Amino acid sequence: MASERRNDKALAVTLRQRAPIPLDVNFTCNAGELLAIVGPSGGGKSTILRAIAGLVTPSSGRIECNGKTWLDTETGINLAAHHRSTGFVFQSFALFPHMSARANVEEALPVEASLKERRRIAEELLARVHLAGLEERKPSELSGGQQQRVAVARALAREPNVILLDEPFSAVDEATRKKLQSELLTLRQTLNVPILLVTHSLEEATLLADNICLVHHGKSLQSGPTQTVLNNPASSQAARLIGHRNIFGGEIVAQLPEAQKTMISWAGHRVEADYQPDFTTGSQIMWLVPQSGVILHQRVRPSKGERENPIAGEVIECLKAGDNTRIALCVSGETDPLALSVPTHVAERNSIRIGETIQVSLLAKAIHILPD
């Protein structure tokens, strides 16, 4: 994508209300970018999209798109939905069942266009989403993936200022989902508008999004570049929402700027992390280490790298999951288990079983410190 697409702030959203669905969100999305709004079901994600589209009005908020104010509750500005020019792909697709695919797309085109022009544009849009030759089929004659493509073509017909995708892949099978995700990646290269995707799948967000906004109970916990948010959650709540298991309490016992190290006291251990200067000595903190940062010691052939934050624990969980085995350790002095995953052949070679005591290393570069 052209770099200039990234420079203009195209969409800015602030929404707040206590009822009927609590909201406290604040995020931006640039033209040409895809922002994934991620969180568990029932957390207000779809309501956020509906508020942007003008289908619901929050108690308090402001929405700007391309320099134009769509909503400002303080000054009483609240543009009607048809004046906001959003392309909305609903979770249920919301196609007219009695209309053909082409007629569904034509319905979204400006009324001033001639019948001939409307037909031409609709057929071009359907071809763009790989539905050439299926223009006359009604929704009941199309597969779920094909219906989703019609919904996308209809959204594009509005020449929208923003595209809103509300869990658009949830109603299709896994193989179709992957194909549609790939098509979206290709299609978005040609779009110079902000794209918002609501999903509860971090895997989907990681695959598709430039940025993500974590939403829990209607509140945005953190937003930013996808890998930054996943690797550096701003709070323990955000870390748990992302799916991190290894989140523990501790205390900063030393800051060593010369050595570029931060020392943490945890469960009777002194844990070394890469230097994180935002925390003062004596601070009570939370810290996490992703499972990829927990390295199993070979029981028959130790290596020099095992001197890095060595930790011993009793195996309390050992579950084969295909090619990988999930392991949980009980570490003396800590109530929460330490989790890691290793290839199954490694677990078997090292005779990993429940009740065994094994050692692991916690990689200093992988440890991330959070405010308590």
# chains A, B, ... in the order shown; residues from 1 in each chain; ligands from 1

call {"tool": "residues_around", "arguments": {"residues": "A:Gly243", "least_positions_apart": "6", "cutoff": "12 Å", "atoms": "only C-alpha atoms", "output": "list of chain:residue names"}}
result
A:Val38, A:Gly39, A:Pro40, A:His200, A:Ser201, A:Leu202, A:Glu203, A:Leu214, A:Val229, A:Leu230, A:Asn231, A:Pro233, A:Ser236, A:Gln237, A:Leu288, A:Val289, A:Pro290, A:Gln291, A:Ala339

call {"tool": "write_last_selection", "arguments": {"atoms": "C-alpha atoms", "output": "CSV table (one decimal), in the first residue's frame"}}
result
chain,number,residue,atom,x,y,z
A,38,VAL,CA,-11.2,-7.6,19.5
A,39,GLY,CA,-12.9,-9.0,22.5
A,40,PRO,CA,-15.3,-11.6,23.9
A,200,HIS,CA,-13.4,-12.3,18.8
A,201,SER,CA,-10.6,-14.2,17.1
A,202,LEU,CA,-7.0,-13.0,17.9
A,203,GLU,CA,-5.8,-15.3,15.1
A,214,LEU,CA,-9.0,-4.6,22.8
A,229,VAL,CA,-0.4,-4.9,21.6
A,230,LEU,CA,0.0,-8.6,21.5
A,231,ASN,CA,3.6,-8.6,22.7
A,233,PRO,CA,-0.1,-5.5,26.7
A,236,SER,CA,-2.8,-7.6,33.2
A,237,GLN,CA,-6.5,-7.3,32.1
A,288,LEU,CA,4.3,-11.9,32.2
A,289,VAL,CA,6.4,-14.2,30.1
A,290,PRO,CA,4.7,-15.7,27.0
A,291,GLN,CA,4.9,-19.4,26.6
A,339,ALA,CA,2.6,-22.8,31.3

call {"tool": "residues_around", "arguments": {"residues": "A:Gly218", "least_positions_apart": "6", "cutoff": "8 Å", "atoms": "only C-alpha atoms", "output": "ChimeraX atom specification"}}
result
/A:21-25,43-45

call {"tool": "closest_residue", "arguments": {"among": "A:Leu208, A:Leu11, A:Ala347, A:Leu338", "to": "A:Val294", "atoms": "only C-alpha atoms"}}
result
A:Leu338

call {"tool": "residues_around", "arguments": {"residues": "A:Gln91", "least_positions_apart": "3", "cutoff": "12 Å", "atoms": "only C-alpha atoms", "output": "NGL selection string"}}
result
:A and (45-46 or 49 or 88 or 94-95 or 144 or 147-148 or 151-152 or 164-172 or 197-199)

call {"tool": "write_last_selection", "arguments": {"atoms": "N, CA and C atoms", "output": "PDB file, in the first residue's frame"}}
result
ATOM      1  N   LYS A  45     -18.940  -4.776  20.985  1.00  0.00           N
ATOM      2  CA  LYS A  45     -18.191  -4.513  19.752  1.00  0.00           C
ATOM      3  C   LYS A  45     -19.127  -4.136  18.600  1.00  0.00           C
ATOM      4  N   SER A  46     -20.201  -4.886  18.423  1.00  0.00           N
ATOM      5  CA  SER A  46     -21.141  -4.586  17.335  1.00  0.00           C
ATOM      6  C   SER A  46     -21.824  -3.246  17.551  1.00  0.00           C
ATOM      7  N   LEU A  49     -19.769  -0.443  16.071  1.00  0.00           N
ATOM      8  CA  LEU A  49     -19.950  -0.278  14.627  1.00  0.00           C
ATOM      9  C   LEU A  49     -21.279   0.389  14.317  1.00  0.00           C
ATOM     10  N   PHE A  88     -21.521  -1.233   5.381  1.00  0.00           N
ATOM     11  CA  PHE A  88     -21.689  -2.105   6.548  1.00  0.00           C
ATOM     12  C   PHE A  88     -21.942  -3.537   6.076  1.00  0.00           C
ATOM     13  N   ALA A  94     -27.630  -9.732   5.933  1.00  0.00           N
ATOM     14  CA  ALA A  94     -28.798  -8.847   5.772  1.00  0.00           C
ATOM     15  C   ALA A  94     -29.125  -8.572   4.311  1.00  0.00           C
ATOM     16  N   LEU A  95     -29.080  -9.599   3.484  1.00  0.00           N
ATOM     17  CA  LEU A  95     -29.458  -9.450   2.077  1.00  0.00           C
ATOM     18  C   LEU A  95     -30.979  -9.542   1.931  1.00  0.00           C
ATOM     19  N   GLY A 144     -22.929 -19.706   1.794  1.00  0.00           N
ATOM     20  CA  GLY A 144     -22.649 -18.668   2.782  1.00  0.00           C
ATOM     21  C   GLY A 144     -21.526 -17.749   2.350  1.00  0.00           C
ATOM     22  N   GLN A 147     -22.837 -15.420  -0.352  1.00  0.00           N
ATOM     23  CA  GLN A 147     -23.678 -14.374   0.234  1.00  0.00           C
ATOM     24  C   GLN A 147     -22.819 -13.288   0.870  1.00  0.00           C
ATOM     25  N   GLN A 148     -21.737 -13.715   1.526  1.00  0.00           N
ATOM     26  CA  GLN A 148     -20.850 -12.728   2.138  1.00  0.00           C
ATOM     27  C   GLN A 148     -20.220 -11.834   1.085  1.00  0.00           C
ATOM     28  N   ALA A 151     -22.658  -9.240   0.074  1.00  0.00           N
ATOM     29  CA  ALA A 151     -22.729  -8.199   1.101  1.00  0.00           C
ATOM     30  C   ALA A 151     -21.557  -7.232   0.985  1.00  0.00           C
ATOM     31  N   VAL A 152     -20.372  -7.742   0.675  1.00  0.00           N
ATOM     32  CA  VAL A 152     -19.201  -6.869   0.494  1.00  0.00           C
ATOM     33  C   VAL A 152     -19.391  -5.986  -0.738  1.00  0.00           C
ATOM     34  N   LEU A 164     -17.321  -1.154   7.522  1.00  0.00           N
ATOM     35  CA  LEU A 164     -17.547  -1.766   8.821  1.00  0.00           C
ATOM     36  C   LEU A 164     -17.897  -3.245   8.625  1.00  0.00           C
ATOM     37  N   LEU A 165     -17.084  -4.122   9.193  1.00  0.00           N
ATOM     38  CA  LEU A 165     -17.265  -5.564   9.030  1.00  0.00           C
ATOM     39  C   LEU A 165     -17.560  -6.178  10.390  1.00  0.00           C
ATOM     40  N   ASP A 166     -18.782  -6.664  10.577  1.00  0.00           N
ATOM     41  CA  ASP A 166     -19.209  -7.197  11.870  1.00  0.00           C
ATOM     42  C   ASP A 166     -19.133  -8.729  11.848  1.00  0.00           C
ATOM     43  N   GLU A 167     -17.992  -9.261  12.321  1.00  0.00           N
ATOM     44  CA  GLU A 167     -17.746 -10.705  12.312  1.00  0.00           C
ATOM     45  C   GLU A 167     -18.215 -11.338  10.999  1.00  0.00           C
ATOM     46  N   PRO A 168     -17.681 -10.873   9.881  1.00  0.00           N
ATOM     47  CA  PRO A 168     -18.215 -11.285   8.579  1.00  0.00           C
ATOM     48  C   PRO A 168     -17.943 -12.735   8.212  1.00  0.00           C
ATOM     49  N   PHE A 169     -17.029 -13.406   8.938  1.00  0.00           N
ATOM     50  CA  PHE A 169     -16.680 -14.776   8.573  1.00  0.00           C
ATOM     51  C   PHE A 169     -17.266 -15.809   9.532  1.00  0.00           C
ATOM     52  N   SER A 170     -18.091 -15.387  10.464  1.00  0.00           N
ATOM     53  CA  SER A 170     -18.557 -16.300  11.507  1.00  0.00           C
ATOM     54  C   SER A 170     -19.587 -17.307  11.004  1.00  0.00           C
ATOM     55  N   ALA A 171     -20.244 -17.011   9.885  1.00  0.00           N
ATOM     56  CA  ALA A 171     -21.331 -17.875   9.413  1.00  0.00           C
ATOM     57  C   ALA A 171     -20.887 -18.858   8.338  1.00  0.00           C
ATOM     58  N   VAL A 172     -19.584 -18.980   8.116  1.00  0.00           N
ATOM     59  CA  VAL A 172     -19.095 -19.880   7.061  1.00  0.00           C
ATOM     60  C   VAL A 172     -18.144 -20.906   7.662  1.00  0.00           C
ATOM     61  N   LEU A 197     -12.929  -4.048  11.569  1.00  0.00           N
ATOM     62  CA  LEU A 197     -13.339  -5.453  11.615  1.00  0.00           C
ATOM     63  C   LEU A 197     -13.600  -5.846  13.054  1.00  0.00           C
ATOM     64  N   VAL A 198     -14.826  -6.248  13.355  1.00  0.00           N
ATOM     65  CA  VAL A 198     -15.150  -6.785  14.670  1.00  0.00           C
ATOM     66  C   VAL A 198     -14.923  -8.287  14.654  1.00  0.00           C
ATOM     67  N   THR A 199     -14.178  -8.786  15.633  1.00  0.00           N
ATOM     68  CA  THR A 199     -13.911 -10.218  15.719  1.00  0.00           C
ATOM     69  C   THR A 199     -13.591 -10.580  17.160  1.00  0.00           C
TER      70      THR A 199
END
